[in-house]
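A.B. asks: Sharing a structure here in structure tokens format.
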Amino acid sequence: MAEFLQHIINGLSQGGTYALIALGYTMVFGILQLINFAHGEVYMIGAFVGYYSSKFFGEELSQFWMSLAGKMAEDGQTLIPTFASSLLTAMTIILIAMLVCACIGFLVERFAYRPLRSAPRINLLITAVGVSLLFQYSGQLFFGSDPKAYPDLFSDLDVWTFGSEEESLVINPIQVTVLTSSIILMLILRHVIFHTRLGRAMRAVSFNHDLASLMGIPTNLIVSATFMMGSALAGAAGVMVGLTYPKVEPLMGSMPGLKAFCAAVLGGIGNVTGAVLGSFILGLAEALLSGYAMPTYRDALAFGVLIVILLVKPSGILGVHRTEKV
Amino acid sequence: MSKESQNKFAEIPGILGMKGWLFAAAVIIFLHFTLQLGLNAYYFQILMFAGINITLAVSLNLVNGFTGQFSMGHAGFMSVGGYMSSYLTTTYFASNPDMLQNPIISGVIFFFALIAGGVAATLAGYVVGLPSLRLRGDYLAIVTLGFGEIIRVLLLNMNIVGGARGLSGIQPLTNFFWVFIFALLTVFCVWRVVHSAKGRVLLAIREDEIAGTSMGVNTTEGKVWAFSLGAFFAGIAGGLFAHYLTTLNPGTFDFNRSFEIIIMVVLGGMGSISGSIVAAIFLTLLKEVLRPLQQITGYDLRMIIYSLVLIGMMLTRPQGIFGTSEITSLFNYFKKRLKRGAP
Amino acid sequence: MKFNSLFPRLALMSALCSTSVYAADVIKIGEVGSMTGAQATFGISTHQGIELAIKEQNAKGGIKGKKIELVSVDDQGKPEEAATATTKLITQDKVSAVLGEVASSLSLAMAPIAQQNKVPMVTPSSTNPKVTEVGDYIFRVCFIDPFQGTVMAKFAFENLKVKKVAILRDMKSDYSVGLSDFFAESFKKLGGEIVVDQSYSAGEVDFNAQITSIKAKKPEAIFVPGYYTEVGLIAKQARQQGIKVPLLGGDGWDSEKLTEIGGKHLNNGFFSNHYSQDDKSPAVQGFISAYKAQYSKVPDGLAAMGYDAAKVLFAAMEKAKTLANKDVRDELAKTKDFQAVTGKITIDDKRNASKPAVVLEVKDKKFVYKTTVNPI
């Protein structure tokens, strides 16, 4: 029983990582109907930005927050200074990565995708593949192709263990953070999409580009904004994954990127709730498959699921509501 | 589209007559014997890979260029064909090693092994083509990519072909003749298909699938057909590749290999056979030409240059160098100009 | 077979190359490696080892008074590129010998070409037995899978006294699959039991699913014969799930990065390696300090193997009567008790290196010498 529960936990936490990437994927797809192959690479760049920023000024940051948190603690607050400062440092780094990735997303959209918006979709797709490869290989050039060990910001953090020595359940607090942040981000995105002016504009652009522009919506601006949001999410995902699994390398983005895409299609592409749902299902399925049945087929699972879902229900699990699309 | 259109095809510039194709085959046989005498082994090897790449690029062009589908799983078909034919030849020659001494018998066996590999790849292509009944554009692209991955994982799990350790000790049966005769055959078949009624179906799918369907064109059949035929030649190319390198590994046929073939098709022009041929030769050469650059800078910039070329191409000339026209139309153009110039 | 008619021409060509080598006052050595692509980190380490060996040899005055020049070519981890690169090195650059590759799948694409042209090829770290079976010009300076698998099986059974072992293999890597298979074989022969055989593929970062199912089988040790790029993460996740049993591995573990990524979680980990950095012998200490001075980092196992492959080759070249390929090959085959960084190398009749393996224990981010296992 403990084994099964542990598999569920593993699956959910793996799903959380996919969800973070899938959210950005689904946003971009929703607005442009483009599979942004470079999304996985933006995620990789996010991880590296986090790596370098925590390497170069992680110390200063954590000291800054430490002193601040320490002061607050003296004032009678019940904050645990080290943990709080680690958390704040991590959040600052995530913010930096999000900013950088948003800029990259903007540039990619502006210079690679926008000129092709009226071109056949296949050209856009080829460009996306090109951008993805460009990032992969220039990543190898600039960052070096050896894997980098991610700085351990939460070094004092222990995993939570439940149960006896024999049958124990283990939960990693960082993974819980990843999981909750993916859900929180999903809720924020839902709010943005359905309850703000920007979101309404996004939905309009997604529904019909030309019509939206006739209605006075600055479509280019909206597309840029969506791209930046999607890329920022990928950047955040990169740092969070780096913190959970402390290894980053230039080719780390392609596989998770593709799997996240599969998850997004499974949940119904263009649908933020679907992206998260699909990711969790995929994560669980992978964990159970490698735990109980055929571990060697794990890599093929995501694509198998993708093919089946596309044949059976191409709109995905939650894809029926057209109105929910970004 | 009966008589009138068929008459039109007859006028399409550049269709070689049967004589022309046979002449090309004769040239290949001639070169097969002469090149072995004098050509530097390095250039010879580049030539061989160029030939295999021509087969791959032209067959992918049938799917990506003429039918307008976006397949990213060509390497997967290649691996199916490569593994199938290598498995056949290695098991056969393991039990009949003396047959290797006889060039004719081993050649015939090799030929049938290649065809078997092609047929296996065709089956795979058929399976991949089926989902395309319901899918378009981007989805299909990612499904073919996924299929490539699935094939790779299956191969990793097949101990009969060595799994992760790969298949080695394959007989080096590939030679100039086989590579180029199959390249010629690919060009021939694709050319004939494209300029037949079937080819019109494929073009209809590319230009407007919905309009095509409403006109009574069986787009489903056309797509599956294009996939199967493209896969067949990819499988042949895989067999040639395997018997040239004498070793196979599931990792060889990853996404990057598919990408290499795609860039050949895109660069040459989606819908131009001669474009694919030129691009396949050009890119195979470019790889080698750029090697000194790597030795000078110490970095391998080739993939970066490739991807930049791809993006630049899409932004400035998305139809590729040749667009949908063929190199022969260039000749015809000059011919016409000459005529006009003449009094 | 038509291909056969190619051979005499190639032989002639290689004869021509060797003559041109005499004429020049440099000796060209070719290297094929993965400088980009997924395997690049291994290729670059090996390259640095080779570079260092050449620098040292040239400082000593080269070989037979001639300087050594390295021509290294990137194969991007693709076999056809490795094949073309080898042909280019042999026919265009006219190298006297070829060094490479790390991955057996790539060495297997190179070896037939080197063999046809009768150019000696030394692979630093291709462990698949089939590589040297290609022909009598192909050598290696590393263990082959059967030996290393046996070493760890023996160590687990006799030194750690464990009976139930789980295997977690990298299904994508022929190296890892080979080690796992031979480990399982000899461990069962010794009387042990493989309780579960799990797998992952290189590049993944989450191994919790595999670890959970291993944990449920309650093994007394886990054999993880992957590369350091993944093992660090595996160790971390295994320890976090409360698995305290020893982790075992092969020479793919040998890198600073292992403990950088895995940290304290790698304690109670043991792996077979070619040498121990604690070894006080001048060969080892000299290499480590020279490498540190050159690249300002600690050499990993692959760097040491690259260094040794070059060293073994240079020694054979020095001893050879002439620098003709045939003579160099013969001397390579005669290599006996060559004191390399990775142990005393003797080339056996199958052109494999026969040398003792050491077992190292990971203790607080240090690799501590545990025991030596001699070749069988």
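Lettering and numbering for the structure tokens are positional, with chains as A, B, ... in the shown order, residues counted from 1 in each chain, and ligands counted from 1 in the shown order.
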Write down, as a compact mmCIF listing (two decimals) with N, CA and C atoms, in the first residue's frame, each residue of chain A that has any atom within 8 Å of an atom of chain C, counting only C-alpha atoms.
C.D. replies:
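Generated output (iface.txt):
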# COMPACT_ATOMS: atom_id res chain seq x y z
N GLU A 3 3.74 1.48 -1.08
CA GLU A 3 4.40 1.60 -2.38
C GLU A 3 3.48 2.29 -3.37
N GLN A 6 3.16 5.90 -2.59
CA GLN A 6 4.39 6.59 -2.97
C GLN A 6 4.42 6.82 -4.49
N HIS A 7 3.95 5.84 -5.23
CA HIS A 7 3.90 6.00 -6.68
C HIS A 7 2.98 7.15 -7.06
N ASN A 10 4.82 10.30 -6.31
CA ASN A 10 5.83 10.52 -7.35
C ASN A 10 5.20 11.03 -8.63
N GLY A 11 4.11 10.37 -8.99
CA GLY A 11 3.44 10.73 -10.24
C GLY A 11 2.95 12.16 -10.20
N GLN A 14 5.90 14.56 -10.40
CA GLN A 14 6.40 14.62 -11.78
C GLN A 14 5.42 15.40 -12.66
N TYR A 137 21.83 24.39 -29.40
CA TYR A 137 23.25 24.32 -29.74
C TYR A 137 24.00 25.55 -29.28
N GLN A 140 24.80 24.94 -25.77
CA GLN A 140 26.00 24.11 -25.57
C GLN A 140 27.26 24.94 -25.73
N SER A 145 28.66 22.00 -22.44
CA SER A 145 27.70 20.90 -22.54
C SER A 145 27.73 19.98 -21.32
N ASP A 146 28.62 20.27 -20.37
CA ASP A 146 28.63 19.41 -19.19
C ASP A 146 27.48 19.80 -18.27
N PRO A 147 26.95 18.84 -17.55
CA PRO A 147 25.85 19.16 -16.64
C PRO A 147 26.36 19.99 -15.46
N LYS A 148 25.54 20.92 -15.03
CA LYS A 148 25.93 21.77 -13.91
C LYS A 148 25.13 21.37 -12.67
N ALA A 149 25.82 21.37 -11.56
CA ALA A 149 25.12 21.06 -10.31
C ALA A 149 24.45 22.32 -9.81
N TYR A 150 23.16 22.26 -9.59
CA TYR A 150 22.41 23.43 -9.17
C TYR A 150 22.74 23.76 -7.72
N VAL A 159 13.35 15.89 3.93
CA VAL A 159 12.09 15.43 3.36
C VAL A 159 11.16 15.01 4.50
N SER A 168 7.44 3.33 4.66
CA SER A 168 7.37 4.76 4.87
C SER A 168 6.93 5.47 3.58
N LEU A 169 6.33 6.61 3.79
CA LEU A 169 5.94 7.47 2.69
C LEU A 169 6.83 8.69 2.74
N VAL A 170 7.36 9.10 1.61
CA VAL A 170 8.27 10.22 1.62
C VAL A 170 7.73 11.32 0.72
N ASN A 172 8.72 15.21 -0.63
CA ASN A 172 9.76 16.22 -0.71
C ASN A 172 9.09 17.59 -0.72
N TYR A 245 15.56 18.95 -8.89
CA TYR A 245 16.51 17.95 -9.40
C TYR A 245 17.78 18.70 -9.76
N PRO A 246 18.74 18.77 -8.85
CA PRO A 246 19.82 19.76 -9.01
C PRO A 246 20.81 19.44 -10.12
N LYS A 247 20.34 19.41 -11.33
CA LYS A 247 21.25 19.22 -12.46
C LYS A 247 20.68 19.95 -13.66
N LEU A 251 20.65 20.45 -23.02
CA LEU A 251 19.66 19.66 -23.75
C LEU A 251 18.51 19.22 -22.86
N MET A 252 18.45 19.80 -21.65
CA MET A 252 17.45 19.32 -20.69
C MET A 252 16.02 19.66 -21.10
N ALA A 287 4.54 7.14 -13.74
CA ALA A 287 5.01 6.55 -12.48
C ALA A 287 4.49 5.13 -12.34
N LEU A 288 3.22 4.93 -12.63
CA LEU A 288 2.65 3.59 -12.46
C LEU A 288 3.21 2.62 -13.48
N SER A 290 6.18 2.69 -14.90
CA SER A 290 7.54 2.25 -14.59
C SER A 290 7.60 1.54 -13.26
N GLY A 291 6.62 1.78 -12.41
CA GLY A 291 6.62 1.09 -11.12
C GLY A 291 6.11 -0.33 -11.22
N TYR A 292 5.09 -0.54 -12.01
CA TYR A 292 4.43 -1.84 -11.97
C TYR A 292 4.55 -2.66 -13.24
N PRO A 295 8.96 -0.70 -17.20
CA PRO A 295 9.75 0.53 -17.05
C PRO A 295 10.47 0.93 -18.33
N THR A 296 10.82 -0.05 -19.16
CA THR A 296 11.61 0.29 -20.34
C THR A 296 10.78 1.01 -21.40
N ASP A 299 9.52 5.96 -21.82
CA ASP A 299 9.75 7.08 -22.74
C ASP A 299 8.70 7.16 -23.84
A.B. asks: When you look at Thr177 of chain A with a cut-off of 10 Å (counting only C-alpha atoms), what residues show up, excluding the ones that are within fewer than 3 positions of it in the same chain? I need them as a ChimeraX atom specification.
C.D. replies: /A:13,16,172-174,180-183,240,244
A.B. asks: Mind giving me the straight-line distance from atom CA of Gly105 of chain A to atom CA of Ser231 of chain A in Å, one decimal?
C.D. replies: 5.3 Å
A.B. asks: Using only C-alpha atoms, can you tell me which of B:Gly129, B:Gly107, B:Gly275, B:Gly269 comes closest to Leu173 of chain B?
C.D. replies: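 Answer, going by the shortest atom-to-atom distance: B:Gly107.
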A.B. asks: What's the 7 Å shell around Asp337 of chain C, counting only C-alpha atoms, without same-chain residues fewer than 4 positions away, as a PyMOL selection string?
C.D. replies: chain C and resi 344-346
A.B. asks: Given the selection you just returned, output its residues as a file containing N, CA and C atoms, formatted as an mmCIF file, in the first residue's frame.
C.D. replies:
data_model
loop_
_atom_site.group_PDB
_atom_site.id
_atom_site.type_symbol
_atom_site.label_atom_id
_atom_site.label_comp_id
_atom_site.auth_asym_id
_atom_site.auth_seq_id
_atom_site.Cartn_x
_atom_site.Cartn_y
_atom_site.Cartn_z
ATOM 1 N N LYS C 344 48.456 -0.560 -14.406
ATOM 2 C CA LYS C 344 49.456 -1.171 -15.292
ATOM 3 C C LYS C 344 48.734 -1.848 -16.439
ATOM 4 N N ILE C 345 48.936 -1.311 -17.653
ATOM 5 C CA ILE C 345 48.170 -1.811 -18.784
ATOM 6 C C ILE C 345 48.968 -2.862 -19.541
ATOM 7 N N THR C 346 48.357 -4.000 -19.739
ATOM 8 C CA THR C 346 48.915 -5.027 -20.610
ATOM 9 C C THR C 346 47.859 -5.287 -21.679
#
A.B. asks: Residues of chain A near chain B: apply a cut-off of 10 Å, count only C-alpha atoms, and supply the list as a PyMOL selection string.
C.D. replies: chain A and resi 33-35+37+111-116+119-141+258-259+261-262+265+296-308+310-314
A.B. asks: Taking only C-alpha atoms into account and nothing else, which residues of chain C lie no more than 6 Å away from chain B? Please answer as a PyMOL selection string.
C.D. replies: chain C and resi 1+87-88+109+172-174
